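*Asks:* Contents of query_31.txt (compact mmCIF, C-alpha atoms and all ligand atoms) are given next:
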```
# COMPACT_ATOMS: atom_id res chain seq x y z
CA MET A 1 -15.61 2.07 12.99
CA ASP A 2 -18.91 3.68 13.90
CA THR A 3 -21.11 3.59 10.82
CA ALA A 4 -23.98 5.66 12.23
CA ILE A 5 -22.78 8.90 10.63
CA LEU A 6 -22.32 7.18 7.29
CA ARG A 7 -25.82 5.73 7.48
CA ASN A 8 -27.36 9.10 8.39
CA ARG A 9 -25.58 10.99 5.65
CA PHE A 10 -26.50 8.35 3.07
CA ARG A 11 -30.15 8.53 4.01
CA GLU A 12 -30.11 12.36 3.98
CA GLN A 13 -28.48 12.44 0.55
CA PHE A 14 -30.22 9.56 -1.20
CA GLY A 15 -33.40 8.96 0.83
CA THR A 16 -32.83 5.19 1.19
CA SER A 17 -30.42 2.94 2.96
CA GLY A 18 -27.97 0.55 1.34
CA ASP A 19 -25.43 -2.16 2.13
CA LEU A 20 -22.13 -1.57 3.88
CA TYR A 21 -18.76 -2.78 2.61
CA PHE A 22 -15.26 -2.36 3.99
CA SER A 23 -11.71 -2.71 2.65
CA PRO A 24 -8.59 -2.10 4.71
CA GLY A 25 -5.31 -0.25 4.27
CA ARG A 26 -2.10 -2.21 4.72
CA ILE A 27 1.29 -2.35 6.31
CA ASN A 28 4.29 -4.08 4.79
CA LEU A 29 6.86 -5.69 7.06
CA ILE A 30 9.55 -5.89 4.37
CA GLY A 31 9.89 -6.10 0.58
CA GLU A 32 9.57 -2.51 -0.57
CA HIS A 33 9.58 -1.62 -4.28
CA THR A 34 9.99 -5.30 -5.04
CA ASP A 35 6.43 -5.99 -6.22
CA TYR A 36 6.81 -4.46 -9.68
CA ASN A 37 10.18 -6.19 -9.95
CA GLY A 38 8.67 -9.67 -9.66
CA GLY A 39 9.96 -10.04 -6.10
CA PHE A 40 8.46 -10.91 -2.72
CA VAL A 41 6.47 -8.66 -0.39
CA PHE A 42 5.26 -9.22 3.16
CA PRO A 43 2.14 -7.14 3.74
CA GLY A 44 -0.82 -7.46 6.05
CA ALA A 45 -4.15 -5.64 6.15
CA VAL A 46 -4.78 -3.27 9.04
CA ASP A 47 -7.94 -2.69 11.05
CA LYS A 48 -8.39 0.72 9.41
CA GLY A 49 -9.76 1.30 5.94
CA ILE A 50 -12.56 2.64 3.79
CA THR A 51 -16.22 1.90 4.42
CA ILE A 52 -18.96 2.57 1.90
CA GLU A 53 -22.71 2.40 1.88
CA ILE A 54 -24.04 1.56 -1.56
CA TYR A 55 -27.38 0.99 -3.26
CA ARG A 56 -28.43 0.32 -6.85
CA ASN A 57 -30.35 3.27 -8.24
CA GLY A 58 -31.82 1.58 -11.32
CA SER A 59 -30.27 4.06 -13.78
CA ARG A 60 -26.87 4.40 -15.52
CA LYS A 61 -25.83 7.10 -13.11
CA VAL A 62 -23.17 6.82 -10.40
CA CYS A 63 -23.70 9.27 -7.54
CA LEU A 64 -20.90 9.53 -4.99
CA LEU A 65 -20.69 11.35 -1.71
CA ALA A 66 -17.28 11.47 0.00
CA LEU A 67 -17.88 12.29 3.65
CA ASP A 68 -14.29 13.12 4.47
CA GLN A 69 -13.65 15.51 1.58
CA LYS A 70 -13.85 19.13 2.62
CA GLU A 71 -14.62 20.44 -0.87
CA ASN A 72 -16.20 18.98 -3.98
CA ASN A 73 -17.46 16.03 -2.03
CA TYR A 74 -20.33 15.14 -4.35
CA VAL A 75 -19.73 13.75 -7.85
CA GLU A 76 -21.98 12.26 -10.48
CA PHE A 77 -20.98 10.49 -13.67
CA THR A 78 -22.64 7.95 -15.91
CA LEU A 79 -21.38 4.51 -16.71
CA ASP A 80 -21.28 5.56 -20.37
CA ASP A 81 -18.98 8.55 -19.84
CA ALA A 82 -15.72 8.19 -21.73
CA SER A 83 -13.69 10.63 -19.71
CA LYS A 84 -12.98 10.48 -16.02
CA PRO A 85 -14.38 12.94 -13.47
CA GLU A 86 -12.35 16.01 -12.48
CA GLU A 87 -12.21 15.16 -8.79
CA HIS A 88 -9.24 12.93 -8.21
CA TRP A 89 -10.94 10.86 -5.50
CA ALA A 90 -13.81 9.99 -7.85
CA CYS A 91 -11.39 8.73 -10.55
CA TYR A 92 -10.69 5.69 -8.41
CA VAL A 93 -14.35 4.69 -8.50
CA PHE A 94 -14.67 5.58 -12.19
CA GLY A 95 -11.61 3.45 -12.96
CA VAL A 96 -12.91 0.46 -11.03
CA CYS A 97 -16.22 0.63 -12.94
CA LYS A 98 -14.40 0.75 -16.28
CA GLU A 99 -12.05 -2.08 -15.38
CA LEU A 100 -14.90 -4.30 -14.19
CA GLU A 101 -16.78 -3.66 -17.42
CA LYS A 102 -13.65 -4.47 -19.45
CA ARG A 103 -13.77 -7.87 -17.75
CA GLY A 104 -17.31 -8.48 -18.90
CA VAL A 105 -19.29 -7.34 -15.84
CA THR A 106 -22.44 -5.41 -16.74
CA LEU A 107 -22.88 -2.74 -14.13
CA GLY A 108 -25.92 -0.67 -13.28
CA GLY A 109 -25.96 2.76 -11.70
CA PHE A 110 -25.55 3.17 -7.95
CA ASN A 111 -25.47 5.67 -5.14
CA ALA A 112 -22.62 5.43 -2.68
CA ALA A 113 -21.30 7.30 0.33
CA ILE A 114 -17.65 6.88 1.30
CA THR A 115 -15.83 7.36 4.59
CA GLY A 116 -12.65 6.04 6.15
CA ASP A 117 -10.37 5.89 9.13
CA VAL A 118 -7.19 4.99 7.28
CA PRO A 119 -5.11 8.17 7.14
CA LEU A 120 -4.87 9.60 3.62
CA GLY A 121 -1.40 10.03 2.14
CA ALA A 122 0.26 8.27 5.09
CA GLY A 123 1.61 5.34 3.09
CA MET A 124 -1.05 2.92 4.33
CA SER A 125 -2.70 2.63 0.94
CA SER A 126 -5.93 4.47 1.37
CA SER A 127 -6.26 4.49 -2.42
CA ALA A 128 -6.00 0.70 -2.67
CA ALA A 129 -8.63 0.45 0.08
CA LEU A 130 -10.93 2.69 -1.96
CA GLU A 131 -10.42 0.69 -5.15
CA SER A 132 -10.82 -2.62 -3.38
CA VAL A 133 -13.99 -1.70 -1.55
CA PHE A 134 -15.70 -0.69 -4.80
CA ALA A 135 -14.32 -3.66 -6.74
CA PHE A 136 -15.56 -6.00 -4.02
CA ALA A 137 -18.98 -4.36 -3.61
CA LEU A 138 -19.72 -4.02 -7.32
CA ASN A 139 -18.61 -7.59 -7.96
CA THR A 140 -21.02 -8.77 -5.24
CA MET A 141 -23.89 -6.58 -6.43
CA PHE A 142 -23.63 -6.94 -10.19
CA ALA A 143 -21.70 -10.15 -10.85
CA GLY A 144 -22.76 -12.40 -7.99
CA GLY A 145 -19.16 -12.49 -6.75
CA ARG A 146 -18.01 -14.20 -9.96
CA VAL A 147 -14.80 -12.16 -10.39
CA ASP A 148 -12.09 -13.86 -8.33
CA LYS A 149 -10.12 -12.12 -5.63
CA PHE A 150 -6.90 -11.83 -7.62
CA GLU A 151 -8.79 -10.22 -10.45
CA LEU A 152 -10.32 -7.75 -7.98
CA ALA A 153 -6.82 -6.79 -6.86
CA LYS A 154 -5.73 -6.43 -10.49
CA ILE A 155 -8.75 -4.22 -11.17
CA GLY A 156 -7.53 -1.86 -8.44
CA GLN A 157 -3.99 -1.92 -9.83
CA ALA A 158 -5.23 -1.26 -13.38
CA THR A 159 -7.26 1.66 -12.04
CA GLU A 160 -4.05 3.20 -10.70
CA HIS A 161 -2.28 2.63 -14.02
CA ASN A 162 -5.02 3.75 -16.36
CA TYR A 163 -6.89 6.45 -14.43
CA CYS A 164 -4.62 7.74 -11.67
CA GLY A 165 -1.16 7.90 -13.27
CA VAL A 166 0.65 5.55 -10.85
CA ASN A 167 2.35 2.48 -12.33
CA CYS A 168 2.17 0.62 -9.05
CA GLY A 169 2.70 -3.05 -8.32
CA ILE A 170 0.09 -5.44 -6.94
CA MET A 171 0.98 -5.40 -3.24
CA ASP A 172 -1.47 -2.85 -1.86
CA GLN A 173 -4.58 -4.08 -3.61
CA PHE A 174 -3.61 -7.69 -2.89
CA ALA A 175 -3.23 -7.00 0.83
CA SER A 176 -6.49 -5.07 0.96
CA VAL A 177 -8.47 -7.88 -0.68
CA PHE A 178 -6.67 -10.90 0.84
CA GLY A 179 -5.91 -9.64 4.37
CA ARG A 180 -6.50 -11.99 7.29
CA GLU A 181 -6.70 -11.09 10.96
CA GLY A 182 -3.43 -11.72 12.79
CA CYS A 183 -1.54 -12.74 9.64
CA LEU A 184 1.04 -11.26 7.35
CA ILE A 185 1.07 -12.62 3.83
CA ARG A 186 4.18 -13.47 1.86
CA LEU A 187 3.36 -12.90 -1.77
CA ASP A 188 5.55 -13.90 -4.67
CA CYS A 189 4.69 -11.12 -7.10
CA ARG A 190 5.90 -13.11 -10.09
CA SER A 191 4.00 -16.38 -9.60
CA LEU A 192 1.31 -14.78 -7.39
CA GLU A 193 1.67 -17.66 -4.95
CA TYR A 194 1.07 -16.58 -1.40
CA GLU A 195 1.25 -17.88 2.13
CA TYR A 196 -0.31 -16.59 5.35
CA PHE A 197 2.14 -16.18 8.26
CA PRO A 198 0.55 -15.82 11.71
CA PHE A 199 2.28 -12.78 13.15
CA ASP A 200 2.24 -12.45 16.89
CA PRO A 201 5.68 -11.32 17.97
CA LYS A 202 5.52 -11.95 21.72
CA GLY A 203 7.10 -9.07 23.58
CA TYR A 204 7.11 -6.74 20.57
CA THR A 205 4.68 -4.25 19.07
CA LEU A 206 4.43 -2.79 15.59
CA VAL A 207 3.73 0.91 15.58
CA LEU A 208 3.48 3.48 12.81
CA ILE A 209 4.76 6.99 13.32
CA ASP A 210 3.23 9.31 10.76
CA SER A 211 5.63 12.06 9.71
CA CYS A 212 2.58 13.97 8.43
CA VAL A 213 4.54 14.67 5.26
CA LYS A 214 1.80 13.94 2.76
CA HIS A 215 2.98 11.39 0.33
CA THR A 216 1.57 11.31 -3.16
CA LEU A 217 2.77 8.75 -5.61
CA GLY A 218 3.15 9.87 -9.19
CA ASN A 219 6.08 10.74 -11.41
CA GLU A 220 8.75 10.12 -8.83
CA TYR A 221 7.40 6.64 -8.16
CA ASN A 222 7.10 5.92 -11.88
CA GLU A 223 10.72 7.07 -12.38
CA ARG A 224 11.93 4.48 -9.86
CA ARG A 225 10.12 1.82 -11.80
CA GLU A 226 11.71 3.07 -15.03
CA SER A 227 15.17 2.84 -13.47
CA CYS A 228 14.50 -0.82 -12.73
CA GLU A 229 13.27 -1.39 -16.28
CA ASN A 230 16.40 0.28 -17.67
CA ALA A 231 18.54 -2.07 -15.63
CA VAL A 232 16.56 -5.09 -16.83
CA ALA A 233 16.86 -3.94 -20.46
CA ALA A 234 20.64 -3.60 -20.07
CA VAL A 235 21.04 -7.02 -18.47
CA ALA A 236 18.80 -8.58 -21.14
CA THR A 237 21.30 -7.52 -23.82
CA GLN A 238 23.84 -9.90 -22.24
CA TRP A 239 21.75 -12.67 -20.68
CA ILE A 240 18.88 -14.69 -22.10
CA GLY A 241 15.49 -14.98 -20.39
CA VAL A 242 15.73 -11.94 -18.13
CA GLU A 243 12.33 -10.37 -17.66
CA SER A 244 12.53 -8.54 -14.35
CA LEU A 245 15.02 -7.81 -11.57
CA ARG A 246 13.82 -11.04 -10.00
CA ASP A 247 15.90 -12.80 -12.65
CA VAL A 248 18.99 -10.69 -12.03
CA ASP A 249 21.86 -11.32 -9.60
CA TYR A 250 24.81 -9.12 -8.62
CA THR A 251 27.15 -10.63 -11.24
CA MET A 252 24.66 -9.87 -13.98
CA LEU A 253 23.99 -6.36 -12.76
CA ASN A 254 27.67 -5.57 -12.35
CA SER A 255 28.40 -6.85 -15.83
CA VAL A 256 26.26 -4.03 -17.28
CA LYS A 257 27.19 -1.35 -14.76
CA LYS A 258 28.88 0.74 -17.46
CA MET A 259 25.69 0.79 -19.55
CA LEU A 260 23.69 2.32 -16.69
CA THR A 261 23.54 5.72 -15.06
CA ASP A 262 24.75 5.70 -11.48
CA THR A 263 21.17 6.41 -10.34
CA ASP A 264 19.71 3.45 -12.23
CA TYR A 265 22.50 1.16 -11.06
CA ARG A 266 22.01 2.05 -7.40
CA ARG A 267 18.27 1.63 -7.59
CA ALA A 268 18.60 -1.78 -9.21
CA LYS A 269 21.19 -2.77 -6.61
CA TYR A 270 18.77 -1.76 -3.85
CA VAL A 271 16.18 -4.15 -5.32
CA LEU A 272 18.68 -7.04 -5.36
CA ASP A 273 19.58 -6.29 -1.72
CA GLU A 274 15.91 -6.14 -0.77
CA LYS A 275 15.18 -9.49 -2.45
CA GLU A 276 17.74 -11.09 -0.14
CA ARG A 277 16.43 -9.27 2.92
CA VAL A 278 12.88 -10.55 2.40
CA LEU A 279 14.11 -14.14 2.33
CA ALA A 280 16.28 -13.56 5.40
CA VAL A 281 13.28 -12.11 7.23
CA CYS A 282 11.16 -15.16 6.36
CA ASP A 283 13.79 -17.40 7.95
CA ALA A 284 14.11 -15.10 10.94
CA LEU A 285 10.34 -15.11 11.45
CA ASN A 286 10.27 -18.89 11.34
CA GLU A 287 12.91 -18.92 14.07
CA GLY A 288 11.20 -16.17 16.08
CA ASN A 289 14.33 -14.04 15.69
CA TYR A 290 12.77 -10.58 15.78
CA GLU A 291 16.07 -8.84 16.45
CA LEU A 292 17.24 -10.01 13.03
CA VAL A 293 13.94 -8.92 11.46
CA GLY A 294 14.55 -5.50 12.98
CA ARG A 295 18.11 -5.25 11.66
CA LYS A 296 16.84 -6.00 8.16
CA MET A 297 14.21 -3.28 8.53
CA TYR A 298 16.93 -0.72 9.24
CA GLU A 299 18.91 -1.94 6.26
CA THR A 300 15.83 -1.52 4.09
CA HIS A 301 15.36 1.99 5.34
CA TRP A 302 18.87 3.12 4.55
CA GLY A 303 18.75 1.37 1.19
CA LEU A 304 15.53 3.19 0.38
CA SER A 305 17.00 6.45 1.59
CA ARG A 306 20.49 6.34 0.03
CA ASP A 307 20.16 4.10 -3.01
CA TYR A 308 16.51 4.15 -3.98
CA THR A 309 16.15 7.80 -2.89
CA VAL A 310 12.52 7.71 -1.78
CA SER A 311 13.03 9.08 1.75
CA CYS A 312 12.93 12.61 3.11
CA PRO A 313 14.62 14.34 6.08
CA GLU A 314 11.57 13.83 8.29
CA LEU A 315 11.51 10.04 7.76
CA ASP A 316 15.28 9.74 8.18
CA PHE A 317 15.00 11.68 11.42
CA LEU A 318 12.29 9.35 12.75
CA VAL A 319 14.39 6.29 11.90
CA GLU A 320 17.50 7.81 13.49
CA THR A 321 15.51 8.59 16.62
CA ALA A 322 14.30 4.99 16.74
CA GLN A 323 17.87 3.76 16.31
CA GLU A 324 19.14 6.00 19.13
CA CYS A 325 16.37 4.77 21.36
CA GLY A 326 17.31 1.10 20.80
CA VAL A 327 14.17 0.23 18.82
CA THR A 328 14.49 -3.21 17.22
CA GLY A 329 13.62 -2.14 13.66
CA SER A 330 12.42 0.97 11.89
CA ARG A 331 11.95 2.00 8.29
CA ILE A 332 9.93 3.92 5.74
CA MET A 333 6.87 1.98 4.78
CA GLY A 334 5.23 1.88 1.36
CA GLY A 335 6.19 3.95 -1.64
CA GLY A 336 8.06 6.61 0.36
CA PHE A 337 8.28 10.39 -0.15
CA GLY A 338 6.55 10.90 3.20
CA GLY A 339 3.98 8.97 5.18
CA CYS A 340 4.81 6.67 8.08
CA THR A 341 7.75 4.78 9.49
CA LEU A 342 7.01 1.23 10.60
CA ASN A 343 8.65 0.36 13.92
CA LEU A 344 9.15 -2.99 15.59
CA VAL A 345 9.53 -2.09 19.26
CA ARG A 346 10.09 -4.19 22.37
CA ASP A 347 7.06 -3.74 24.63
CA THR A 348 9.33 -2.60 27.45
CA LEU A 349 10.58 0.27 25.29
CA TYR A 350 7.28 1.22 23.70
CA ASP A 351 6.24 4.18 25.89
CA LYS A 352 9.71 5.62 26.05
CA PHE A 353 10.14 5.44 22.28
CA VAL A 354 6.75 6.88 21.39
CA SER A 355 7.17 9.83 23.73
CA LYS A 356 10.77 10.49 22.62
CA ALA A 357 9.89 10.29 18.92
CA THR A 358 6.86 12.52 19.37
CA ARG A 359 8.71 15.10 21.43
CA GLU A 360 11.86 15.30 19.32
CA TYR A 361 10.00 15.31 16.02
CA SER A 362 7.72 18.12 17.19
CA LEU A 363 10.71 20.14 18.35
CA LYS A 364 12.54 19.72 15.07
CA PHE A 365 9.72 19.99 12.54
CA GLY A 366 7.06 21.90 14.47
CA ILE A 367 4.44 19.24 13.95
CA THR A 368 3.28 16.44 16.22
CA PRO A 369 3.51 13.09 14.48
CA LYS A 370 0.54 10.77 14.70
CA VAL A 371 1.01 7.35 16.24
CA TYR A 372 -0.90 4.23 15.18
CA ARG A 373 -0.45 0.92 16.94
CA VAL A 374 -0.81 -1.74 14.24
CA VAL A 375 -3.64 -4.26 14.48
CA ILE A 376 -3.64 -6.77 11.65
CA GLY A 377 -7.16 -7.25 10.37
CA ASP A 378 -9.26 -8.95 7.70
CA GLY A 379 -9.49 -8.04 4.02
CA SER A 380 -12.40 -6.75 1.88
CA ARG A 381 -15.83 -7.75 3.10
CA LYS A 382 -19.50 -6.95 3.35
CA LEU A 383 -20.48 -5.66 6.77
CA GLN A 384 -23.58 -6.92 8.54
C1 LIG B 401 3.26 1.71 -3.29
C2 LIG B 401 2.75 0.88 -4.45
C3 LIG B 401 3.07 -0.60 -4.26
C4 LIG B 401 4.55 -0.81 -3.92
C5 LIG B 401 4.98 0.14 -2.80
C6 LIG B 401 6.45 0.07 -2.55
O1 LIG B 401 2.57 1.42 -2.11
O2 LIG B 401 1.37 1.03 -4.61
O3 LIG B 401 2.71 -1.33 -5.41
O4 LIG B 401 5.35 -0.67 -5.05
O5 LIG B 401 4.64 1.48 -3.09
O6 LIG B 401 6.80 -1.17 -2.05
```
Show this structure as structure tokens.

*Replies:*
Amino acid sequence: MDTAILRNRFREQFGTSGDLYFSPGRINLIGEHTDYNGGFVFPGAVDKGITIEIYRNGSRKVCLLALDQKENNYVEFTLDDASKPEEHWACYVFGVCKELEKRGVTLGGFNAAITGDVPLGAGMSSSAALESVFAFALNTMFAGGRVDKFELAKIGQATEHNYCGVNCGIMDQFASVFGREGCLIRLDCRSLEYEYFPFDPKGYTLVLIDSCVKHTLGNEYNERRESCENAVAAVATQWIGVESLRDVDYTMLNSVKKMLTDTDYRRAKYVLDEKERVLAVCDALNEGNYELVGRKMYETHWGLSRDYTVSCPELDFLVETAQECGVTGSRIMGGGFGGCTLNLVRDTLYDKFVSKATREYSLKFGITPKVYRVVIGDGSRKLQ
């Protein structure tokens, strides 16, 4: 992205120049709502994210300018403040500071300007990008890079839990910090072992269609997580050593079906189905069988829509349109409740699909969806 505007605004506001850092948003090929269930995910960083310019100011004050916010775009707090700022966007930075300090990093005050090209509320994890870019920059500036990358991801996740009200898993922050150009990463969210998978599906393209339904994760997301915990608690009354849905199979789940509400049962069942799909997709990728990958993506979508209930009419419509058009795979991506569908499309079908989806969606919902061709990029870094 062009950083000239950022540099100018920083200088105007703070009278100096600083260092530039970047952290990306992410996509996730498959493995949705599995991260907080100890399962596998398959994310990759994208080439879009959040860029900041930042400079130590020698005080205890943190001064933040958010270039893309229309209102209340300037916030100050001190590192000694006990309560978080009122502006939601600034809570992410406040949280990261607090979480770094909890881990023994002594911070000093700083001025920072923030901008981004990852769409907000589109399910591409703009919030994880924001957390990661500050965690990475502050670690470099005040701790000589001593905090390891996993801990940086956990700092972002803890910020969501403790300052932003979202009990998310580790996937988004992990992908933002660990991303590698051209690679998806299979992460085992229980052991935190991970493996880079070069992803270059010859003859296919990944494209995001943004429903423009703004997704915000909060209570509804947390409720899904609670359903999973209820299922685990029920299974744990009958089976020893069960800590998450990762440890649960269909026999175990069915043996406690009567103890669960229908909603909780269906959500837990979705997670078991998704665990199997992720493994099937890994095999399919190894064999270059993208048609199978695509079929699993559709299954994930309808599982998320009917059993996990995190879809909406707009996203279902986009997936149905993809299906009608013969697209290889299509599904909701990320937490749900709006945002983008992720589509695996044969190159020969790409133009036809994008124009059909755009036209039909506009006709039905009166809004033109945005289209982003996915480029898989690197994770958090300092820019030169
Ligand atoms: C959000 C959360 C992630 C993950 C996804 C769903 O993006 O931040 O931790 O749970 O939803 O897969």

*Asks:* Residues at most 10 Å from stretch 95-110 of chain A, counting only C-alpha atoms, excluding those fewer than 5 positions away in the same chain, as a compact mmCIF listing (two decimals) with C-alpha atoms, in the frame of the given file?

*Replies:*
```txt
# COMPACT_ATOMS: atom_id res chain seq x y z
CA GLY A 18 -27.97 0.55 1.34
CA ILE A 54 -24.04 1.56 -1.56
CA TYR A 55 -27.38 0.99 -3.26
CA ARG A 56 -28.43 0.32 -6.85
CA ASN A 57 -30.35 3.27 -8.24
CA GLY A 58 -31.82 1.58 -11.32
CA SER A 59 -30.27 4.06 -13.78
CA ARG A 60 -26.87 4.40 -15.52
CA LYS A 61 -25.83 7.10 -13.11
CA VAL A 62 -23.17 6.82 -10.40
CA CYS A 63 -23.70 9.27 -7.54
CA LEU A 64 -20.90 9.53 -4.99
CA PHE A 77 -20.98 10.49 -13.67
CA THR A 78 -22.64 7.95 -15.91
CA LEU A 79 -21.38 4.51 -16.71
CA ASP A 80 -21.28 5.56 -20.37
CA ASP A 81 -18.98 8.55 -19.84
CA ALA A 82 -15.72 8.19 -21.73
CA LYS A 84 -12.98 10.48 -16.02
CA PRO A 85 -14.38 12.94 -13.47
CA ALA A 90 -13.81 9.99 -7.85
CA LEU A 130 -10.93 2.69 -1.96
CA GLU A 131 -10.42 0.69 -5.15
CA SER A 132 -10.82 -2.62 -3.38
CA VAL A 133 -13.99 -1.70 -1.55
CA PHE A 134 -15.70 -0.69 -4.80
CA ALA A 135 -14.32 -3.66 -6.74
CA PHE A 136 -15.56 -6.00 -4.02
CA LEU A 138 -19.72 -4.02 -7.32
CA ASN A 139 -18.61 -7.59 -7.96
CA MET A 141 -23.89 -6.58 -6.43
CA PHE A 142 -23.63 -6.94 -10.19
CA ALA A 143 -21.70 -10.15 -10.85
CA GLY A 144 -22.76 -12.40 -7.99
CA ARG A 146 -18.01 -14.20 -9.96
CA VAL A 147 -14.80 -12.16 -10.39
CA GLU A 151 -8.79 -10.22 -10.45
CA LEU A 152 -10.32 -7.75 -7.98
CA LYS A 154 -5.73 -6.43 -10.49
CA ILE A 155 -8.75 -4.22 -11.17
CA GLY A 156 -7.53 -1.86 -8.44
CA GLN A 157 -3.99 -1.92 -9.83
CA ALA A 158 -5.23 -1.26 -13.38
CA THR A 159 -7.26 1.66 -12.04
CA GLU A 160 -4.05 3.20 -10.70
CA HIS A 161 -2.28 2.63 -14.02
CA ASN A 162 -5.02 3.75 -16.36
CA TYR A 163 -6.89 6.45 -14.43
CA CYS A 164 -4.62 7.74 -11.67
```

*Asks:* Could you list, as an mmCIF file with C-alpha atoms, in the coordinates of the input, every residue within 9 Å of stretch 237-249 of chain A, counting only C-alpha atoms and ignoring same-chain residues fewer than 4 positions away?

*Replies:*
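Contents of around_28.cif, freshly written:
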```cif
data_model
loop_
_atom_site.group_PDB
_atom_site.id
_atom_site.type_symbol
_atom_site.label_atom_id
_atom_site.label_comp_id
_atom_site.auth_asym_id
_atom_site.auth_seq_id
_atom_site.Cartn_x
_atom_site.Cartn_y
_atom_site.Cartn_z
ATOM 1 C CA THR A 34 9.990 -5.300 -5.040
ATOM 2 C CA TYR A 36 6.810 -4.460 -9.680
ATOM 3 C CA ASN A 37 10.180 -6.190 -9.950
ATOM 4 C CA GLY A 38 8.670 -9.670 -9.660
ATOM 5 C CA GLY A 39 9.960 -10.040 -6.100
ATOM 6 C CA ARG A 190 5.900 -13.110 -10.090
ATOM 7 C CA CYS A 228 14.500 -0.820 -12.730
ATOM 8 C CA GLU A 229 13.270 -1.390 -16.280
ATOM 9 C CA ALA A 231 18.540 -2.070 -15.630
ATOM 10 C CA VAL A 232 16.560 -5.090 -16.830
ATOM 11 C CA ALA A 233 16.860 -3.940 -20.460
ATOM 12 C CA LEU A 253 23.990 -6.360 -12.760
ATOM 13 C CA ASN A 254 27.670 -5.570 -12.350
ATOM 14 C CA SER A 255 28.400 -6.850 -15.830
ATOM 15 C CA VAL A 256 26.260 -4.030 -17.280
ATOM 16 C CA ALA A 268 18.600 -1.780 -9.210
ATOM 17 C CA VAL A 271 16.180 -4.150 -5.320
ATOM 18 C CA LEU A 272 18.680 -7.040 -5.360
ATOM 19 C CA LYS A 275 15.180 -9.490 -2.450
#
```

*Asks:* Could you list, as a compact mmCIF listing (two decimals) with C-alpha atoms, keeping the file's coordinate frame, all the residues within 9 Å of ligand LIG 401 (chain B), counting all atoms listed in the file?

*Replies:*
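Resulting contents of selection_25.txt:
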```txt
# COMPACT_ATOMS: atom_id res chain seq x y z
CA ASN A 28 4.29 -4.08 4.79
CA ILE A 30 9.55 -5.89 4.37
CA GLY A 31 9.89 -6.10 0.58
CA GLU A 32 9.57 -2.51 -0.57
CA HIS A 33 9.58 -1.62 -4.28
CA THR A 34 9.99 -5.30 -5.04
CA ASP A 35 6.43 -5.99 -6.22
CA TYR A 36 6.81 -4.46 -9.68
CA ASN A 37 10.18 -6.19 -9.95
CA VAL A 41 6.47 -8.66 -0.39
CA GLY A 123 1.61 5.34 3.09
CA MET A 124 -1.05 2.92 4.33
CA SER A 125 -2.70 2.63 0.94
CA SER A 127 -6.26 4.49 -2.42
CA ALA A 128 -6.00 0.70 -2.67
CA GLN A 157 -3.99 -1.92 -9.83
CA GLU A 160 -4.05 3.20 -10.70
CA VAL A 166 0.65 5.55 -10.85
CA ASN A 167 2.35 2.48 -12.33
CA CYS A 168 2.17 0.62 -9.05
CA GLY A 169 2.70 -3.05 -8.32
CA ILE A 170 0.09 -5.44 -6.94
CA MET A 171 0.98 -5.40 -3.24
CA ASP A 172 -1.47 -2.85 -1.86
CA GLN A 173 -4.58 -4.08 -3.61
CA LEU A 217 2.77 8.75 -5.61
CA TYR A 221 7.40 6.64 -8.16
CA ARG A 225 10.12 1.82 -11.80
CA MET A 333 6.87 1.98 4.78
CA GLY A 334 5.23 1.88 1.36
CA GLY A 335 6.19 3.95 -1.64
CA GLY A 336 8.06 6.61 0.36
```

*Asks:* For A:His301, which residue out of A:Asp2, A:Asp117, A:Asn289, A:Ala322 is the nearest one, using all atoms listed in the file?

*Replies:*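 That would be A:Ala322, the residue with the smallest distance to A:His301.
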
*Asks:* List as a count of residues only the protein and nucleic acid residues near A:Val177, meaning an atom at most 7 Å away when all atoms listed in the file are counted, but skip any in the same chain fewer than 6 places from it.

*Replies:* 6

*Asks:* So which one's closest to A:Asp47, A:Glu12, A:Glu193, A:Glu181, A:Asp148? Using only C-alpha atoms, please.

*Replies:* A:Glu181

*Asks:* Which residue out of A:Val278, A:Val235, A:Ser355, A:Thr309 has the minimum interatomic distance to A:Met259 when all atoms listed in the file are used?

*Replies:*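 Of the candidates, the smallest distance to A:Met259 is held by A:Val235.
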
*Asks:* Report, in Å to a single decimal, how far apart atom CA of A:Thr205 and atom CA of A:Val293 are.

*Replies:*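 Computing it gives 12.9 Å between the two atoms.
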
*Asks:* Using atom CA of A:Phe14 and atom CA of A:Lys48 as the two end points, give the distance in Å to one decimal.

*Replies:*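 For atom CA of A:Phe14 relative to atom CA of A:Lys48, the distance reads 25.8 Å.
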
*Asks:* Within 8 Å of (-7.5, -10.7, 6.6), in the coordinates the file gives, what residues turn up when you count only C-alpha atoms, written out as a ChimeraX atom specification?

*Replies:* /A:44-45,177-183,376-380

*Asks:* For A:Gln13, find every residue with an atom within 12 Å (counting only C-alpha atoms), except residues of its own chain fewer than 2 positions away, and show them as a list in words.

*Replies:*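 The filter keeps Leu6, Arg7, Asn8, Arg9, Phe10, Arg11, Gly15, Thr16, Ser17, Gly18, Glu53, Ile54, Cys63, Leu64, Leu65, Ala66, Leu67, Asn73, Tyr74, Asn111, Ala112 and Ala113 of chain A.
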
*Asks:* Quick one: residues within 9 Å of A:Thr263, all atoms listed in the file, excluding same-chain residues fewer than 5 positions away - as a list of chain:residue names?

*Replies:*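 Neighbouring residues, sequence-local ones excluded: A:Ser227, A:Ala268, A:Asp307, A:Tyr308.
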
*Asks:* Using Å and a single decimal, report how far atom CA of A:Val319 sits from atom CA of A:Tyr298.

*Replies:* 7.9 Å

*Asks:* In terms of the shortest atom-to-atom distance over all atoms listed in the file, which of A:Gly303, A:Gly288, A:Gly326, A:Gly338 is closest to A:Pro198?

*Replies:*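 Going through A:Gly303, A:Gly288, A:Gly326, A:Gly338 one by one, the smallest distance to A:Pro198 is for A:Gly288.
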